[in-house]
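Below is run09.pdb, holding PDB, C-alpha atoms.
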```pdb
MODEL        1
ATOM      1  CA  MET T 462      24.159   6.207   1.630
ATOM      2  CA  GLU T 463      23.350   4.969  -1.863
ATOM      3  CA  ILE T 464      20.381   6.170  -3.915
ATOM      4  CA  PHE T 465      18.908   4.212  -6.835
ATOM      5  CA  TRP T 466      16.136   5.324  -9.221
ATOM      6  CA  TYR T 467      13.761   2.584 -10.328
ATOM      7  CA  GLY T 468      11.830   4.839 -12.727
ATOM      8  CA  LEU T 469       8.866   7.236 -12.426
ATOM      9  CA  ALA T 470       8.864   8.260  -8.711
ATOM     10  CA  CYS T 471      10.321   5.050  -7.268
ATOM     11  CA  PHE T 472      13.626   5.246  -5.398
ATOM     12  CA  ARG T 473      15.643   2.985  -3.150
ATOM     13  CA  PHE T 474      17.611   4.535  -0.295
ATOM     14  CA  LYS T 475      20.173   2.171   1.190
ATOM     15  CA  SER T 476      22.191   2.956   4.309
ATOM     16  CA  ARG T 477      23.773   0.944   7.079
ATOM     17  CA  GLN T 478      20.753   1.760   9.235
ATOM     18  CA  LEU T 479      17.876   1.066   6.885
ATOM     19  CA  THR T 480      16.721   0.418   3.317
ATOM     20  CA  ILE T 481      13.658   2.322   2.106
ATOM     21  CA  ILE T 482      11.668   2.019  -1.126
ATOM     22  CA  ALA T 483       9.631   5.091  -2.050
ATOM     23  CA  ASP T 484       6.614   4.938  -4.389
ATOM     24  CA  PRO T 485       6.776   1.477  -6.000
ATOM     25  CA  TYR T 486       4.710   1.327  -9.203
ATOM     26  CA  ALA T 487       2.484  -1.261 -10.878
ATOM     27  CA  PRO T 488       3.354  -2.774 -14.303
ATOM     28  CA  GLU T 489       0.362  -1.003 -15.859
ATOM     29  CA  VAL T 490       2.327   2.262 -15.980
ATOM     30  CA  GLY T 491       4.472   0.672 -18.711
ATOM     31  CA  LEU T 492       7.576  -0.129 -16.660
ATOM     32  CA  THR T 493       8.712  -3.208 -14.762
ATOM     33  CA  MET T 494      10.451  -2.667 -11.445
ATOM     34  CA  PRO T 495      13.639  -4.569 -10.667
ATOM     35  CA  ALA T 496      13.585  -6.994  -7.755
ATOM     36  CA  ALA T 497      13.240  -4.840  -4.657
ATOM     37  CA  ARG T 498      13.756  -5.569  -0.968
ATOM     38  CA  ALA T 499      13.491  -3.083   1.899
ATOM     39  CA  GLN T 500      12.417  -2.800   5.517
ATOM     40  CA  VAL T 501      10.293   0.300   4.870
ATOM     41  CA  VAL T 502       8.014   1.339   2.006
ATOM     42  CA  THR T 503       6.592   4.844   1.692
ATOM     43  CA  VAL T 504       3.624   5.722  -0.527
ATOM     44  CA  SER T 505       2.951   9.317  -1.508
ATOM     45  CA  HIS T 506      -0.299   8.875  -3.460
ATOM     46  CA  ASN T 507      -2.764   5.988  -3.511
ATOM     47  CA  VAL T 508      -2.647   5.301  -7.251
ATOM     48  CA  PRO T 509      -0.911   2.494  -9.209
ATOM     49  CA  GLY T 510       2.059   4.647 -10.163
ATOM     50  CA  HIS T 511       2.984   5.103  -6.505
ATOM     51  CA  ASN T 512       1.352   2.457  -4.277
ATOM     52  CA  TYR T 513       2.319  -0.986  -5.622
ATOM     53  CA  VAL T 514       3.670  -2.237  -2.293
ATOM     54  CA  LYS T 515       3.498  -5.897  -3.372
ATOM     55  CA  ALA T 516       6.508  -5.265  -5.635
ATOM     56  CA  VAL T 517       8.700  -4.971  -2.533
ATOM     57  CA  LYS T 518       9.904  -8.026  -0.607
ATOM     58  CA  GLY T 519      10.626  -8.243   3.104
ATOM     59  CA  TYR T 520       9.094  -4.971   4.206
ATOM     60  CA  GLU T 521       8.139  -4.481   7.845
ATOM     61  CA  HIS T 522       6.538  -1.030   7.690
ATOM     62  CA  VAL T 523       4.426   0.880   5.165
ATOM     63  CA  PHE T 524       3.948   4.621   5.693
ATOM     64  CA  ASN T 525       1.349   6.230   3.443
ATOM     65  CA  GLY T 526       0.215   9.363   5.212
ATOM     66  CA  PRO T 527       1.267  12.368   7.279
ATOM     67  CA  GLY T 528       2.996  11.731  10.588
ATOM     68  CA  GLU T 529       6.324  11.243  12.318
ATOM     69  CA  TYR T 530       7.899   7.791  12.296
ATOM     70  CA  GLU T 531      11.192   6.264  13.432
ATOM     71  CA  VAL T 532      12.755   2.979  12.329
ATOM     72  CA  ASN T 533      16.302   1.875  13.247
ATOM     73  CA  GLY T 534      17.285   5.419  14.148
ATOM     74  CA  VAL T 535      16.015   6.892  10.865
ATOM     75  CA  PHE T 536      13.366   9.592  11.296
ATOM     76  CA  ILE T 537      10.680   9.750   8.605
ATOM     77  CA  THR T 538       8.234  12.649   8.397
ATOM     78  CA  GLY T 539       5.182  12.503   6.146
ATOM     79  CA  VAL T 540       3.986  15.981   5.151
ATOM     80  CA  ALA T 541       0.410  16.478   3.940
ATOM     81  CA  SER T 542       0.309  18.102   0.523
ATOM     82  CA  TYR T 543      -1.726  17.857  -2.680
ATOM     83  CA  HIS T 544      -1.893  16.475  -6.162
ATOM     84  CA  ARG T 545      -2.986  19.055  -8.734
ATOM     85  CA  GLY T 546      -6.697  19.810  -9.106
ATOM     86  CA  ALA T 547      -9.454  22.304  -8.366
ATOM     87  CA  PRO T 548      -9.604  23.575  -4.754
ATOM     88  CA  GLY T 549     -11.712  21.188  -2.684
ATOM     89  CA  GLU T 550     -11.209  18.375  -5.199
ATOM     90  CA  ARG T 551      -7.451  17.829  -4.922
ATOM     91  CA  GLU T 552      -6.265  14.364  -4.015
ATOM     92  CA  ARG T 553      -3.904  14.072  -1.082
ATOM     93  CA  ASN T 554      -0.194  13.610  -1.598
ATOM     94  CA  THR T 555       2.296  12.851   1.159
ATOM     95  CA  ALA T 556       5.777  14.256   0.708
ATOM     96  CA  PHE T 557       8.376  12.450   2.814
ATOM     97  CA  LEU T 558      11.494  13.653   4.590
ATOM     98  CA  TYR T 559      13.978  10.924   5.565
ATOM     99  CA  GLU T 560      16.595  11.879   8.158
ATOM    100  CA  PHE T 561      19.477   9.439   8.357
ATOM    101  CA  ASN T 562      22.434   9.902  10.739
ATOM    102  CA  ASP T 563      24.176  12.538   8.682
ATOM    103  CA  LEU T 564      22.016  13.075   5.586
ATOM    104  CA  SER T 565      18.462  14.242   4.933
ATOM    105  CA  ILE T 566      16.504  13.370   1.792
ATOM    106  CA  GLY T 567      13.227  14.908   0.687
ATOM    107  CA  HIS T 568      10.993  12.992  -1.733
ATOM    108  CA  LEU T 569       8.045  15.091  -2.945
ATOM    109  CA  GLY T 570       6.063  12.164  -4.337
ATOM    110  CA  ASP T 571       3.158  13.000  -6.641
ATOM    111  CA  LEU T 572       3.135  16.668  -5.653
ATOM    112  CA  GLY T 573       1.113  18.924  -7.927
ATOM    113  CA  GLU T 574       0.894  22.177  -5.968
ATOM    114  CA  THR T 575       3.582  24.429  -4.584
ATOM    115  CA  MET T 576       4.276  24.122  -0.858
ATOM    116  CA  ASP T 577       3.162  26.611   1.777
ATOM    117  CA  ARG T 578       5.431  28.132   4.409
ATOM    118  CA  LYS T 579       4.690  25.494   7.049
ATOM    119  CA  GLN T 580       5.460  22.641   4.642
ATOM    120  CA  ILE T 581       8.686  24.317   3.564
ATOM    121  CA  GLU T 582       9.772  24.804   7.171
ATOM    122  CA  THR T 583       9.071  21.133   7.946
ATOM    123  CA  PHE T 584      11.362  20.065   5.107
ATOM    124  CA  ASN T 585      14.077  22.344   6.510
ATOM    125  CA  SER T 586      16.451  22.506   3.518
ATOM    126  CA  PRO T 587      17.143  18.796   2.901
ATOM    127  CA  ASP T 588      20.574  17.774   1.662
ATOM    128  CA  VAL T 589      18.958  15.964  -1.280
ATOM    129  CA  LEU T 590      15.629  16.893  -2.863
ATOM    130  CA  ILE T 591      13.883  14.497  -5.253
ATOM    131  CA  VAL T 592      11.307  16.461  -7.213
ATOM    132  CA  PRO T 593       8.693  15.605  -9.882
ATOM    133  CA  ILE T 594       9.053  17.721 -13.020
ATOM    134  CA  GLY T 595       6.803  16.188 -15.696
ATOM    135  CA  GLY T 596       3.820  18.557 -15.629
ATOM    136  CA  GLY T 597       0.172  17.607 -16.125
ATOM    137  CA  ASP T 598      -1.190  16.676 -12.709
ATOM    138  CA  ILE T 599       2.190  17.149 -11.011
ATOM    139  CA  LEU T 600       4.724  19.955 -10.854
ATOM    140  CA  ASP T 601       6.001  21.245 -14.160
ATOM    141  CA  ALA T 602       9.534  22.532 -14.628
ATOM    142  CA  ALA T 603       8.753  26.088 -13.543
ATOM    143  CA  LYS T 604       6.937  25.055 -10.356
ATOM    144  CA  ALA T 605       9.645  22.510  -9.548
ATOM    145  CA  VAL T 606      12.299  25.225  -9.763
ATOM    146  CA  GLU T 607      10.164  27.467  -7.551
ATOM    147  CA  ILE T 608      10.131  24.809  -4.811
ATOM    148  CA  ILE T 609      13.842  24.089  -5.232
ATOM    149  CA  THR T 610      14.550  27.795  -4.740
ATOM    150  CA  GLU T 611      12.504  27.799  -1.522
ATOM    151  CA  LEU T 612      13.996  24.613  -0.067
ATOM    152  CA  GLU T 613      17.638  25.269  -1.063
ATOM    153  CA  PRO T 614      18.860  21.646  -1.195
ATOM    154  CA  ARG T 615      22.491  20.830  -1.976
ATOM    155  CA  ILE T 616      21.521  18.212  -4.574
ATOM    156  CA  VAL T 617      18.419  17.958  -6.768
ATOM    157  CA  ILE T 618      17.394  14.699  -8.439
ATOM    158  CA  PRO T 619      14.530  15.077 -10.949
ATOM    159  CA  MET T 620      11.918  12.327 -11.301
ATOM    160  CA  HIS T 621       8.490  11.617 -12.809
ATOM    161  CA  TYR T 622       9.271  12.744 -16.359
ATOM    162  CA  ALA T 623       9.016  11.133 -19.813
ATOM    163  CA  GLN T 624      11.027   7.935 -20.254
ATOM    164  CA  PRO T 625      10.924   5.001 -22.716
ATOM    165  CA  GLY T 626       7.995   2.658 -22.094
ATOM    166  CA  LEU T 627       6.140   4.896 -19.671
ATOM    167  CA  LYS T 628       2.450   5.163 -20.580
ATOM    168  CA  LEU T 629       1.990   8.560 -18.930
ATOM    169  CA  SER T 630       2.132  11.790 -20.926
ATOM    170  CA  LEU T 631       4.903  13.762 -19.230
ATOM    171  CA  ASP T 632       7.307  16.538 -20.158
ATOM    172  CA  PRO T 633      10.870  15.615 -21.144
ATOM    173  CA  LEU T 634      13.820  16.085 -18.821
ATOM    174  CA  GLU T 635      15.314  18.752 -21.088
ATOM    175  CA  LYS T 636      12.560  21.218 -20.209
ATOM    176  CA  PHE T 637      13.554  21.081 -16.537
ATOM    177  CA  LEU T 638      17.280  21.338 -17.243
ATOM    178  CA  LYS T 639      16.644  24.468 -19.303
ATOM    179  CA  GLU T 640      14.508  25.986 -16.535
ATOM    180  CA  MET T 641      17.247  25.239 -13.985
ATOM    181  CA  GLY T 642      19.978  26.610 -16.238
ATOM    182  CA  ALA T 643      21.711  23.219 -15.994
ATOM    183  CA  GLU T 644      23.618  21.565 -18.800
ATOM    184  CA  ALA T 645      22.839  18.085 -20.090
ATOM    185  CA  MET T 646      24.866  15.457 -18.235
ATOM    186  CA  ALA T 647      25.427  11.718 -18.207
ATOM    187  CA  PRO T 648      23.174   9.933 -15.680
ATOM    188  CA  LEU T 649      24.738   7.845 -12.916
ATOM    189  CA  PRO T 650      23.768   4.206 -12.213
ATOM    190  CA  SER T 651      23.384   5.226  -8.551
ATOM    191  CA  LEU T 652      24.441   8.040  -6.240
ATOM    192  CA  LYS T 653      26.799   7.215  -3.384
ATOM    193  CA  LEU T 654      26.798  10.081  -0.954
ATOM    194  CA  ARG T 655      28.440  11.191   2.274
ATOM    195  CA  LYS T 656      27.955  14.430   4.169
ATOM    196  CA  ALA T 657      31.463  15.473   3.161
ATOM    197  CA  ASP T 658      30.372  15.339  -0.495
ATOM    198  CA  LEU T 659      27.955  18.217   0.058
ATOM    199  CA  ALA T 660      30.487  20.989   0.525
ATOM    200  CA  GLY T 661      29.878  24.100  -1.562
ATOM    201  CA  GLU T 662      27.094  26.632  -1.837
ATOM    202  CA  GLU T 663      25.594  25.892  -5.251
ATOM    203  CA  THR T 664      22.647  23.560  -5.765
ATOM    204  CA  ARG T 665      23.675  20.720  -8.089
ATOM    205  CA  VAL T 666      21.413  18.710 -10.389
ATOM    206  CA  ILE T 667      22.288  15.012 -10.582
ATOM    207  CA  LEU T 668      20.623  12.563 -12.966
ATOM    208  CA  LEU T 669      20.210   8.873 -12.288
ATOM    209  CA  GLU T 670      19.694   6.026 -14.736
ATOM    210  CA  SER T 671      16.310   4.375 -14.426
ATOM    211  CA  GLN T 672      16.604   0.748 -13.275
ATOM    212  CA  GLY T 673      13.040   0.071 -14.474
ATOM    213  CA  ASN T 674      12.577  -1.476 -17.893
ATOM    214  CA  PRO T 675       9.711  -1.054 -20.387
ATOM    215  CA  SER T 676       7.069  -3.715 -19.739
TER     216      SER T 676
ENDMDL
END
```

Mind turning this structure into C-alpha coordinates?
Amino acid sequence: MEIFWYGLACFRFKSRQLTIIADPYAPEVGLTMPAARAQVVTVSHNVPGHNYVKAVKGYEHVFNGPGEYEVNGVFITGVASYHRGAPGERERNTAFLYEFNDLSIGHLGDLGETMDRKQIETFNSPDVLIVPIGGGDILDAAKAVEIITELEPRIVIPMHYAQPGLKLSLDPLEKFLKEMGAEAMAPLPSLKLRKADLAGEETRVILLESQGNPS
(Lines of atoms letter the chains of each structure in order from A and count residues from 1; the text may use other names and numbers.)
(Lines give C-alpha, C1' and ligand atoms only; values in the text may rest on other atoms or scores of the structure.)
Protein backbone atom coordinates (compact mmCIF):
# COMPACT_ATOMS: atom_id res chain seq x y z
CA MET A 1 0.00 0.00 0.00
CA GLU A 2 1.20 3.49 -0.86
CA ILE A 3 -0.52 6.68 0.27
CA PHE A 4 -0.06 10.06 -1.44
CA TRP A 5 -1.44 13.44 -0.33
CA TYR A 6 -2.53 15.75 -3.14
CA GLY A 7 -3.35 18.66 -0.81
CA LEU A 8 -6.41 19.75 1.22
CA ALA A 9 -8.39 16.48 1.76
CA CYS A 10 -7.35 14.69 -1.44
CA PHE A 11 -5.46 11.41 -1.15
CA ARG A 12 -4.48 8.59 -3.45
CA PHE A 13 -4.43 5.05 -2.08
CA LYS A 14 -2.59 2.62 -4.34
CA SER A 15 -2.51 -1.13 -3.75
CA ARG A 16 -2.19 -4.20 -5.92
CA GLN A 17 -5.97 -4.59 -5.70
CA LEU A 18 -7.18 -1.08 -6.38
CA THR A 19 -6.33 2.61 -6.69
CA ILE A 20 -8.66 5.09 -4.98
CA ILE A 21 -8.74 8.89 -5.07
CA ALA A 22 -10.50 10.53 -2.13
CA ASP A 23 -11.93 14.08 -2.30
CA PRO A 24 -10.47 15.59 -5.49
CA TYR A 25 -10.66 19.40 -5.45
CA ALA A 26 -11.35 22.11 -8.02
CA PRO A 27 -8.70 24.72 -8.99
CA GLU A 28 -10.78 27.46 -7.36
CA VAL A 29 -9.53 26.39 -3.92
CA GLY A 30 -6.11 27.76 -4.92
CA LEU A 31 -4.32 24.48 -5.65
CA THR A 32 -3.81 22.45 -8.81
CA MET A 33 -4.02 18.68 -8.52
CA PRO A 34 -1.37 16.52 -10.16
CA ALA A 35 -2.48 14.17 -12.93
CA ALA A 36 -4.62 11.55 -11.23
CA ARG A 37 -5.87 8.15 -12.36
CA ALA A 38 -7.88 5.66 -10.30
CA GLN A 39 -10.61 3.06 -10.59
CA VAL A 40 -12.59 4.51 -7.67
CA VAL A 41 -13.31 8.06 -6.51
CA THR A 42 -14.91 8.84 -3.16
CA VAL A 43 -16.50 12.20 -2.32
CA SER A 44 -17.15 13.17 1.28
CA HIS A 45 -18.92 16.52 0.75
CA ASN A 46 -20.57 17.96 -2.34
CA VAL A 47 -18.53 21.17 -2.53
CA PRO A 48 -15.66 22.15 -4.88
CA GLY A 49 -12.97 21.36 -2.33
CA HIS A 50 -14.03 17.71 -2.24
CA ASN A 51 -16.12 16.76 -5.30
CA TYR A 52 -14.11 17.64 -8.43
CA VAL A 53 -14.39 14.16 -9.95
CA LYS A 54 -13.45 15.39 -13.44
CA ALA A 55 -9.85 15.80 -12.22
CA VAL A 56 -9.53 12.00 -12.10
CA LYS A 57 -8.98 9.91 -15.23
CA GLY A 58 -10.14 6.36 -15.84
CA TYR A 59 -12.49 5.99 -12.91
CA GLU A 60 -15.17 3.30 -12.98
CA HIS A 61 -16.99 4.04 -9.72
CA VAL A 62 -17.86 7.17 -7.74
CA PHE A 63 -19.10 6.73 -4.16
CA ASN A 64 -20.48 9.89 -2.56
CA GLY A 65 -22.79 8.75 0.19
CA PRO A 66 -23.36 6.26 3.01
CA GLY A 67 -23.40 2.57 2.14
CA GLU A 68 -21.31 -0.56 1.78
CA TYR A 69 -19.42 -1.13 -1.46
CA GLU A 70 -16.92 -3.68 -2.77
CA VAL A 71 -14.54 -3.32 -5.71
CA ASN A 72 -11.77 -5.83 -6.55
CA GLY A 73 -11.91 -7.31 -3.07
CA VAL A 74 -11.62 -3.92 -1.33
CA PHE A 75 -14.51 -3.12 1.01
CA ILE A 76 -15.53 0.54 1.22
CA THR A 77 -17.97 1.78 3.86
CA GLY A 78 -19.46 5.26 3.69
CA VAL A 79 -20.53 6.52 7.12
CA ALA A 80 -23.09 9.33 7.39
CA SER A 81 -21.75 12.24 9.42
CA TYR A 82 -21.89 16.04 9.37
CA HIS A 83 -20.12 19.21 8.43
CA ARG A 84 -20.20 21.82 11.19
CA GLY A 85 -23.31 23.96 11.60
CA ALA A 86 -26.42 24.56 13.68
CA PRO A 87 -28.51 21.45 14.46
CA GLY A 88 -30.97 20.86 11.63
CA GLU A 89 -28.88 22.94 9.22
CA ARG A 90 -25.71 20.85 9.04
CA GLU A 91 -24.61 19.67 5.63
CA ARG A 92 -23.97 15.97 5.21
CA ASN A 93 -20.46 14.58 5.20
CA THR A 94 -19.56 11.00 4.36
CA ALA A 95 -16.56 9.56 6.16
CA PHE A 96 -15.08 6.54 4.38
CA LEU A 97 -13.46 3.37 5.67
CA TYR A 98 -11.39 1.44 3.11
CA GLU A 99 -10.55 -2.17 3.99
CA PHE A 100 -7.80 -3.64 1.86
CA ASN A 101 -6.50 -7.21 2.32
CA ASP A 102 -4.40 -6.46 5.36
CA LEU A 103 -4.82 -2.74 6.06
CA SER A 104 -7.73 -0.46 6.92
CA ILE A 105 -7.74 3.29 6.26
CA GLY A 106 -10.25 5.80 7.58
CA HIS A 107 -10.69 9.12 5.76
CA LEU A 108 -12.95 11.52 7.68
CA GLY A 109 -13.53 13.89 4.77
CA ASP A 110 -15.02 17.28 5.58
CA LEU A 111 -16.08 16.23 9.07
CA GLY A 112 -17.05 19.08 11.38
CA GLU A 113 -18.69 17.31 14.32
CA THR A 114 -17.40 14.63 16.64
CA MET A 115 -18.59 11.09 15.94
CA ASP A 116 -21.21 9.23 17.95
CA ARG A 117 -20.78 5.73 19.35
CA LYS A 118 -22.31 3.98 16.34
CA GLN A 119 -20.03 5.83 13.91
CA ILE A 120 -16.99 5.05 16.03
CA GLU A 121 -17.90 1.36 16.17
CA THR A 122 -18.32 1.26 12.37
CA PHE A 123 -14.80 2.62 11.91
CA ASN A 124 -13.50 -0.09 14.26
CA SER A 125 -10.03 1.29 15.05
CA PRO A 126 -8.56 1.69 11.54
CA ASP A 127 -4.86 1.10 11.04
CA VAL A 128 -4.53 4.56 9.46
CA LEU A 129 -6.75 7.54 10.23
CA ILE A 130 -6.72 10.62 7.99
CA VAL A 131 -8.27 13.49 9.91
CA PRO A 132 -9.08 17.15 9.13
CA ILE A 133 -7.56 19.56 11.65
CA GLY A 134 -7.95 23.08 10.25
CA GLY A 135 -10.90 24.39 12.27
CA GLY A 136 -13.65 26.70 11.02
CA ASP A 137 -16.35 24.49 9.53
CA ILE A 138 -14.35 21.30 10.13
CA LEU A 139 -12.67 19.73 13.14
CA ASP A 140 -10.16 21.87 14.96
CA ALA A 141 -7.09 20.42 16.65
CA ALA A 142 -8.83 19.67 19.95
CA LYS A 143 -11.80 17.89 18.34
CA ALA A 144 -9.48 15.98 16.00
CA VAL A 145 -7.51 14.68 18.98
CA GLU A 146 -10.76 13.71 20.69
CA ILE A 147 -11.73 11.52 17.72
CA ILE A 148 -8.23 10.06 17.45
CA THR A 149 -8.42 9.07 21.11
CA GLU A 150 -11.76 7.32 20.50
CA LEU A 151 -10.70 5.50 17.33
CA GLU A 152 -7.19 4.49 18.47
CA PRO A 153 -5.52 4.20 15.04
CA ARG A 154 -1.90 3.10 14.71
CA ILE A 155 -1.06 5.98 12.36
CA VAL A 156 -2.61 9.45 12.06
CA ILE A 157 -2.18 11.59 8.95
CA PRO A 158 -3.46 15.17 9.35
CA MET A 159 -5.12 16.95 6.41
CA HIS A 160 -7.21 20.01 5.55
CA TYR A 161 -4.98 22.62 7.19
CA ALA A 162 -3.26 25.82 6.01
CA GLN A 163 -0.83 25.38 3.12
CA PRO A 164 0.73 27.72 0.52
CA GLY A 165 -1.73 28.79 -2.17
CA LEU A 166 -4.85 27.50 -0.46
CA LYS A 167 -7.61 30.12 -0.46
CA LEU A 168 -9.33 28.73 2.64
CA SER A 169 -8.73 30.20 6.09
CA LEU A 170 -7.48 27.23 8.11
CA ASP A 171 -5.38 26.66 11.21
CA PRO A 172 -1.70 25.78 10.79
CA LEU A 173 -0.38 22.26 11.26
CA GLU A 174 1.61 23.32 14.34
CA LYS A 175 -1.56 23.80 16.37
CA PHE A 176 -2.48 20.14 15.88
CA LEU A 177 1.02 18.86 16.60
CA LYS A 178 1.01 20.77 19.89
CA GLU A 179 -2.41 19.37 20.82
CA MET A 180 -1.19 15.84 20.04
CA GLY A 181 2.04 16.33 21.96
CA ALA A 182 3.93 15.45 18.76
CA GLU A 183 7.19 17.01 17.68
CA ALA A 184 7.68 18.71 14.33
CA MET A 185 8.92 16.25 11.71
CA ALA A 186 9.96 16.16 8.07
CA PRO A 187 7.06 15.21 5.76
CA LEU A 188 7.37 12.17 3.51
CA PRO A 189 6.74 12.26 -0.27
CA SER A 190 4.47 9.23 0.24
CA LEU A 191 3.81 6.54 2.83
CA LYS A 192 4.57 2.94 1.90
CA LEU A 193 2.94 0.68 4.42
CA ARG A 194 2.60 -2.99 5.28
CA LYS A 195 0.76 -4.57 8.18
CA ALA A 196 4.11 -5.53 9.70
CA ASP A 197 4.98 -1.82 9.92
CA LEU A 198 2.20 -1.25 12.44
CA ALA A 199 3.72 -3.08 15.38
CA GLY A 200 3.75 -1.16 18.65
CA GLU A 201 1.10 0.33 20.89
CA GLU A 202 1.60 4.07 20.44
CA THR A 203 -0.32 6.13 17.90
CA ARG A 204 2.13 7.79 15.50
CA VAL A 205 1.62 11.02 13.57
CA ILE A 206 3.03 10.97 10.04
CA LEU A 207 3.14 14.00 7.75
CA LEU A 208 3.01 13.84 3.98
CA GLU A 209 4.20 16.37 1.43
CA SER A 210 1.40 17.90 -0.59
CA GLN A 211 1.64 16.97 -4.28
CA GLY A 212 -0.73 19.83 -5.16
CA ASN A 213 0.78 23.11 -6.31
CA PRO A 214 -0.53 26.67 -5.87
CA SER A 215 -2.71 27.60 -8.85

Q. Can you list what the PyMOL selection byres ((chain T and resi 597) around 9) grabs from this structure, as a list in words?
A.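 Answer for the PyMOL selection byres ((chain T and resi 597) around 9): Arg545, Gly573, Gly595, Gly596, Asp598, Ile599, Leu600, Asp601, Ser630, Leu631 and Asp632 of chain T.
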
Q | Output of the PyMOL selection byres ((chain T and resi 503) around 9), listed as number ranges by chain | A | T: 481-485, 501-502, 504-505, 511-512, 514, 522-526, 539, 557

Q.
Quick check on the file I pasted: which residues fall under the PyMOL selection byres ((chain T and resi 488-494) around 8)? Write them as a list in words.
A.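 Selection result, ordered by chain and number: Tyr467, Gly468, Pro485, Tyr486, Ala487, Pro495, Ala496, Ala497, Pro509, Gly510, Ala516, Gly626, Leu627, Lys628, Leu629, Gln672, Gly673, Asn674, Pro675 and Ser676 of chain T.
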
**Q.** Atomic separation - CA of Glu531 in chain T relative to CA of Gly570 in chain T, Å
**A.**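 So the answer is 19.4 Å.
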
Q) For Ala603 in chain T, which residue among T:His568, T:Lys636, T:Arg655, T:Arg665 is the nearest when counting only C-alpha atoms? A)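 Closest residue, counting only C-alpha atoms: T:Lys636.
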
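Taking CA of Thr575 in chain T as the reference point, CA of Val589 in chain T is found at 17.9 Å.
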
Q: Work out how far apart CA of Pro619 in chain T and CA of Ala556 in chain T are and give it in Å to one decimal.
A: 14.6 Å

Q) Counting all atoms listed in the file, which of T:Phe584, T:Tyr543, T:Tyr622, T:Tyr520 gets nearest to Thr480 in chain T? A) T:Tyr520
